[in-house]
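Let me begin by presenting the structure, written as structure tokens, before commenting on it.
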Amino acid sequence: MTSPSEAVRLITARLTAFESTLLNRIGTVERKLETRLAAIETVLREHAPERDLGCGQGPDGEHVLTSTCPLTCLQPPVLPARPYNALVSGCCFSVIGDVITASQAGELTELRNMGPISAERVESVLRTAGLLPRVES
Ligand SMILES: [Zn+2]
């Protein structure tokens, strides 16, 4: 018959061994995952080259809106807060070119909180920058 203190010692020893086994297995899984992640990153880098990202610059060094501008180049006061927030929070746009594509597909008003007036403000800014064709009148 084992005494209570002996039972506690045995259980503690078993738990310690179990913990050690678990930590070893977790370490093995972590190393395998790191290897796989590195392989995935390599494949992504080879097959999805970095997108051009950058602002245009005018002759006097001033900012020029281009299709490779990040979305933040449209932040107020360029656009009012409402359409800007709809662009930023409503979708997966990362550059102005994404907004141009959505506009040309007539999809801007499908964004949450982007009504026709807000969409027109966005398109007006893009037209002014020469990124969308002017409206025939
Ligand atoms: Zn820019």
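Residue names in the structure tokens use chain letters A, B, ... in the order shown, residue numbers from 1 in each chain, and ligand numbers from 1 in the order shown.
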
Do you know which residues are within 10 Å of ligand 1 using only C-alpha atoms and all ligand atoms? Can you write them as a compact mmCIF listing (two decimals) with N, CA and C atoms, in the first residue's frame?
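In the end it all went to out20.txt:
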```txt
# COMPACT_ATOMS: atom_id res chain seq x y z
N LEU A 53 4.65 49.80 -55.60
CA LEU A 53 3.99 50.62 -54.61
C LEU A 53 4.77 51.91 -54.53
N GLY A 54 4.08 53.00 -54.76
CA GLY A 54 4.80 54.25 -54.63
C GLY A 54 4.02 55.40 -55.23
N CYS A 55 4.31 56.58 -54.72
CA CYS A 55 3.63 57.78 -55.16
C CYS A 55 4.37 58.39 -56.34
N GLY A 56 3.60 59.12 -57.13
CA GLY A 56 4.23 59.88 -58.19
C GLY A 56 4.75 61.19 -57.64
N GLN A 57 5.68 61.79 -58.40
CA GLN A 57 6.24 63.06 -57.97
C GLN A 57 6.22 64.03 -59.14
N HIS A 63 3.49 65.86 -54.53
CA HIS A 63 2.88 64.54 -54.63
C HIS A 63 1.93 64.47 -55.82
N VAL A 64 2.03 63.41 -56.60
CA VAL A 64 1.12 63.18 -57.71
C VAL A 64 0.43 61.83 -57.48
N LEU A 65 -0.89 61.87 -57.52
CA LEU A 65 -1.67 60.66 -57.31
C LEU A 65 -1.48 59.72 -58.50
N THR A 66 -1.08 58.46 -58.22
CA THR A 66 -0.90 57.47 -59.28
C THR A 66 -1.61 56.19 -58.87
N SER A 67 -1.69 55.25 -59.81
CA SER A 67 -2.36 53.99 -59.51
C SER A 67 -1.57 53.14 -58.52
N THR A 68 -0.29 53.48 -58.32
CA THR A 68 0.51 52.71 -57.36
C THR A 68 0.58 53.38 -55.99
N CYS A 69 -0.13 54.51 -55.85
CA CYS A 69 -0.19 55.16 -54.53
C CYS A 69 -0.90 54.23 -53.55
N PRO A 70 -0.44 54.22 -52.29
CA PRO A 70 -1.22 53.51 -51.28
C PRO A 70 -2.54 54.24 -51.04
N LEU A 71 -3.49 53.52 -50.49
CA LEU A 71 -4.81 54.09 -50.24
C LEU A 71 -4.76 55.34 -49.37
N THR A 72 -3.77 55.42 -48.50
CA THR A 72 -3.68 56.55 -47.58
C THR A 72 -3.50 57.88 -48.31
N CYS A 73 -3.10 57.84 -49.58
CA CYS A 73 -2.96 59.09 -50.34
C CYS A 73 -4.32 59.70 -50.64
N LEU A 74 -5.41 58.98 -50.36
CA LEU A 74 -6.76 59.52 -50.57
C LEU A 74 -7.38 60.03 -49.27
N VAL A 95 -3.91 49.61 -53.05
CA VAL A 95 -3.38 50.75 -53.82
C VAL A 95 -4.52 51.40 -54.60
N ILE A 96 -4.27 52.63 -55.09
CA ILE A 96 -5.29 53.37 -55.82
C ILE A 96 -5.74 52.57 -57.04
```

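Scanning segment 25-126 of chain A with DSSP on the backbone, the strand (DSSP E or B) assignments fall on Gly56, Gln57, His63, Val64, Pro70 and Val95 of chain A.
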
Taking the chain letters and numbering used in this document, name the residues of segment 49-96 of chain A that DSSP puts in alpha helix (DSSP H), as a PyMOL selection string. chain A and resi 81-90+96

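When only C-alpha atoms are used to measure the gap to Arg82 of chain A, the shortest distance among A:Leu111, A:Ala39, A:Ile11, A:Leu44 belongs to A:Leu111.
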
Using only C-alpha atoms, which residues sit within 12 Å of Arg121 of chain A once same-chain residues fewer than 6 positions away are excluded, as a count of residues only? 19

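With only C-alpha atoms taken into account, the protein and nucleic acid residues at most 10 Å from Ser124 of chain A (excluding it and anything under 6 positions from it in its own chain) are A:Leu79, A:Ser118, A:Gly130, A:Leu131, A:Leu132, A:Arg134, A:Val135.
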